[in-house]
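A.B. asks: This is the structure I want to talk about, given as structure tokens.
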Amino acid sequence: MSFFVDPDIRKAHTLPVEFYTDKHNFELSKKKIFARSWQVVADLSQVRLQGQLFPHTLLEGFMNEPLLLVRDKEDRLHCLSNVCTHRGNLLVDAPCTENNIRCKYHGRRFHLDGRFQSMPEFEGVENFPSEQDHLSKVPFGVWDPFVLASVEPKMKLEEAIGEMRQRMSWLPLHEFKAEPVRSRDYLVKAHWALYCENYLEGFHIPFVHSASLGPALDYGSYHTELFRWSSLQLGLSRGGEDIFSPPPGSPDHGRAVAAYYWWVFPNLMFNFYPWGLSLNIVRPLGPELTKVSFLTYLYDERKLDRGAGAQLDKVEREDEAIVETVQKGVRSSFYRGGRYSPKRETGTHHFHRLLAEMMNEE
């Protein structure tokens, strides 16, 4: 089926419920949406040294695409398919340091840049090796400390994250340190897009987060800025909380910014707080099941547990509860979709427009 969301938010209706309930649409989104967008696969600390190999399964449980990040002996970074070109065996199953890449099945070897190196017992094979015997190179890019990759990108990485990169350029992001002990995963019994829709509007804050997030943010000044493949929700402080101090030249200079909520199509959320960053990755597992990973990166530990980023676990569980009830509601025989608030739901309307665009393309 085709999808249509009117570009005029005042006239628009939300996506049809079939997008959330039809299993065919869910499967189709793998190729139409996720294979063509950018995903965070690692941070540079995991491939810092020459010869380091770091395997990653892209959106495990959904796309299940085996990737391999490699730092070669010339200190160049590569993103490769982690599948042997002989019989399809997975090449590397755990982070390691090697001089080459060797398949454990039949001994095929590859250089660290993915080029075929050698294969035992292949004497007499005609037209061998050929281009298809090299490991496939996967498009990737770096925004220190993050490495992002895409199977078949529709847009360049800079088109996806450029506005965020420029707006946040005054922050020393390369100094942010991953804190695994503060990171956690949540299972949400709802369609992945419903979770993103909830994130993309502050409309629900006074109702769902009245005691957790509401006291830290000035709801009246809360607003959304839209870009081609991303959006920003700027949360200003109500006063008395830790805030950013954007330098002169920043469009936010002089503003009491409590939080930057950046979303990158379709499922990445970069939440900047004065203490650091909470990177949220939304991973579809099924039409009614989603895994959300909160990855914590610390910059100023002294500011933890204060301000808009103080009660992330509580805010997440409140979001989880409301999204799960929406999941039940969209399956109602009587629900046919709704309308948008032109003041408060521009981010969700923007998201729906992009979903329709991607799903409709051949």
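Every chain in the structure tokens has a letter given in the order shown (A, B, ...), and although residue numbers restart at 1 in each chain, ligands are simply numbered from 1 in the order shown.
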Tell me, which residues of region 189-294 of chain A carry DSSP strand (DSSP E), written as a ChimeraX atom specification?

C.D. replies: /A:223-226,230-236,257-264,268-273,276-286,289-294

A.B. asks: Just the residues within 9 Å of Arg228 (chain A), please, counting only C-alpha atoms, with nothing from its chain fewer than 5 positions along; format it as a PyMOL selection string.

C.D. replies: chain A and resi 159-160+350+354

A.B. asks: Which polymer residues have any atom within 9 Å of an atom of region 288-302 of chain A, counting only C-alpha atoms, with same-chain residues fewer than 3 positions away left out, as a PyMOL selection string?

C.D. replies: chain A and resi 20-21+172-173+175-192+195+274-285+305+324+327

A.B. asks: Check the smallest atom-to-atom distance from each of A:Arg344, A:Arg10, A:His349, A:Arg108 to Gln233 (chain A) using only C-alpha atoms, then report the winner.

C.D. replies: A:Arg344

A.B. asks: Leaving out Leu49 (chain A) and any residue of its chain fewer than 6 positions from it, which residues lie within 9 Å of it when counting only C-alpha atoms, given as a short mmCIF file (atom, residue, chain, number, x, y, z; two decimals) with C-alpha atoms, in the first residue's frame?

C.D. replies:
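Listing of result-v9.cif after writing:
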```
data_model
loop_
_atom_site.label_atom_id
_atom_site.label_comp_id
_atom_site.auth_asym_id
_atom_site.auth_seq_id
_atom_site.Cartn_x
_atom_site.Cartn_y
_atom_site.Cartn_z
CA ARG A 71 41.92 -0.68 11.99
CA ASP A 72 44.67 -1.75 9.57
CA LYS A 73 48.45 -1.52 10.00
CA ASP A 75 46.05 3.17 10.84
CA THR A 97 43.78 -8.04 17.32
#
```

A.B. asks: Skip Leu234 (chain A) itself and residues of its chain fewer than 5 positions away, then list as a compact mmCIF listing (two decimals) with C-alpha atoms, in the first residue's frame all residues within 9 Å of it, counting only C-alpha atoms.

C.D. replies:
```
# COMPACT_ATOMS: atom_id res chain seq x y z
CA SER A 221 9.38 27.94 25.41
CA TYR A 222 9.87 24.30 24.40
CA HIS A 223 10.10 24.15 20.62
CA THR A 224 11.11 21.95 17.68
CA GLU A 225 13.37 22.78 14.74
CA VAL A 257 19.48 25.50 27.54
CA ALA A 258 18.77 22.55 29.82
CA ALA A 259 18.82 19.88 27.09
CA TYR A 260 19.27 19.35 23.38
CA TYR A 261 17.10 16.50 22.09
CA TRP A 262 18.38 15.58 18.64
```

A.B. asks: Using only C-alpha atoms, I'd like a table of the residues in region 13-78 of chain A that come within 12 Å of region 144-148 of chain A; for each, show the closest atom pair and its distance in Å rounded to one decimal, ordered by chain and ascending number, as a tab-separated table.

C.D. replies:
```
residue	atom	partner	partner_atom	distance
A:Ser37	CA	A:Leu148	CA	9.8
A:Trp38	CA	A:Leu148	CA	6.1
A:Gln39	CA	A:Leu148	CA	5.2
A:Val40	CA	A:Leu148	CA	4.3
A:Val41	CA	A:Leu148	CA	5.6
A:Ala42	CA	A:Val147	CA	5.3
A:Asp43	CA	A:Phe146	CA	4.3
A:Leu44	CA	A:Pro145	CA	5.3
A:Ser45	CA	A:Pro145	CA	7.4
A:Gln46	CA	A:Pro145	CA	9.8
A:Val47	CA	A:Val147	CA	9.9
A:Arg48	CA	A:Pro145	CA	10.5
A:Phe54	CA	A:Val147	CA	11.6
A:His56	CA	A:Val147	CA	11.3
A:Leu58	CA	A:Leu148	CA	10.4
A:Leu67	CA	A:Leu148	CA	11.4
A:Leu68	CA	A:Val147	CA	11.7
A:Leu69	CA	A:Val147	CA	9.1
A:Val70	CA	A:Val147	CA	11.6
A:Leu77	CA	A:Val147	CA	9.9
A:His78	CA	A:Val147	CA	10.5
```

A.B. asks: So, counting only C-alpha atoms, which residue among A:Gly347, A:Pro342, A:Gly141, A:Gly235 is closest to Gly162 (chain A)?

C.D. replies: A:Gly141
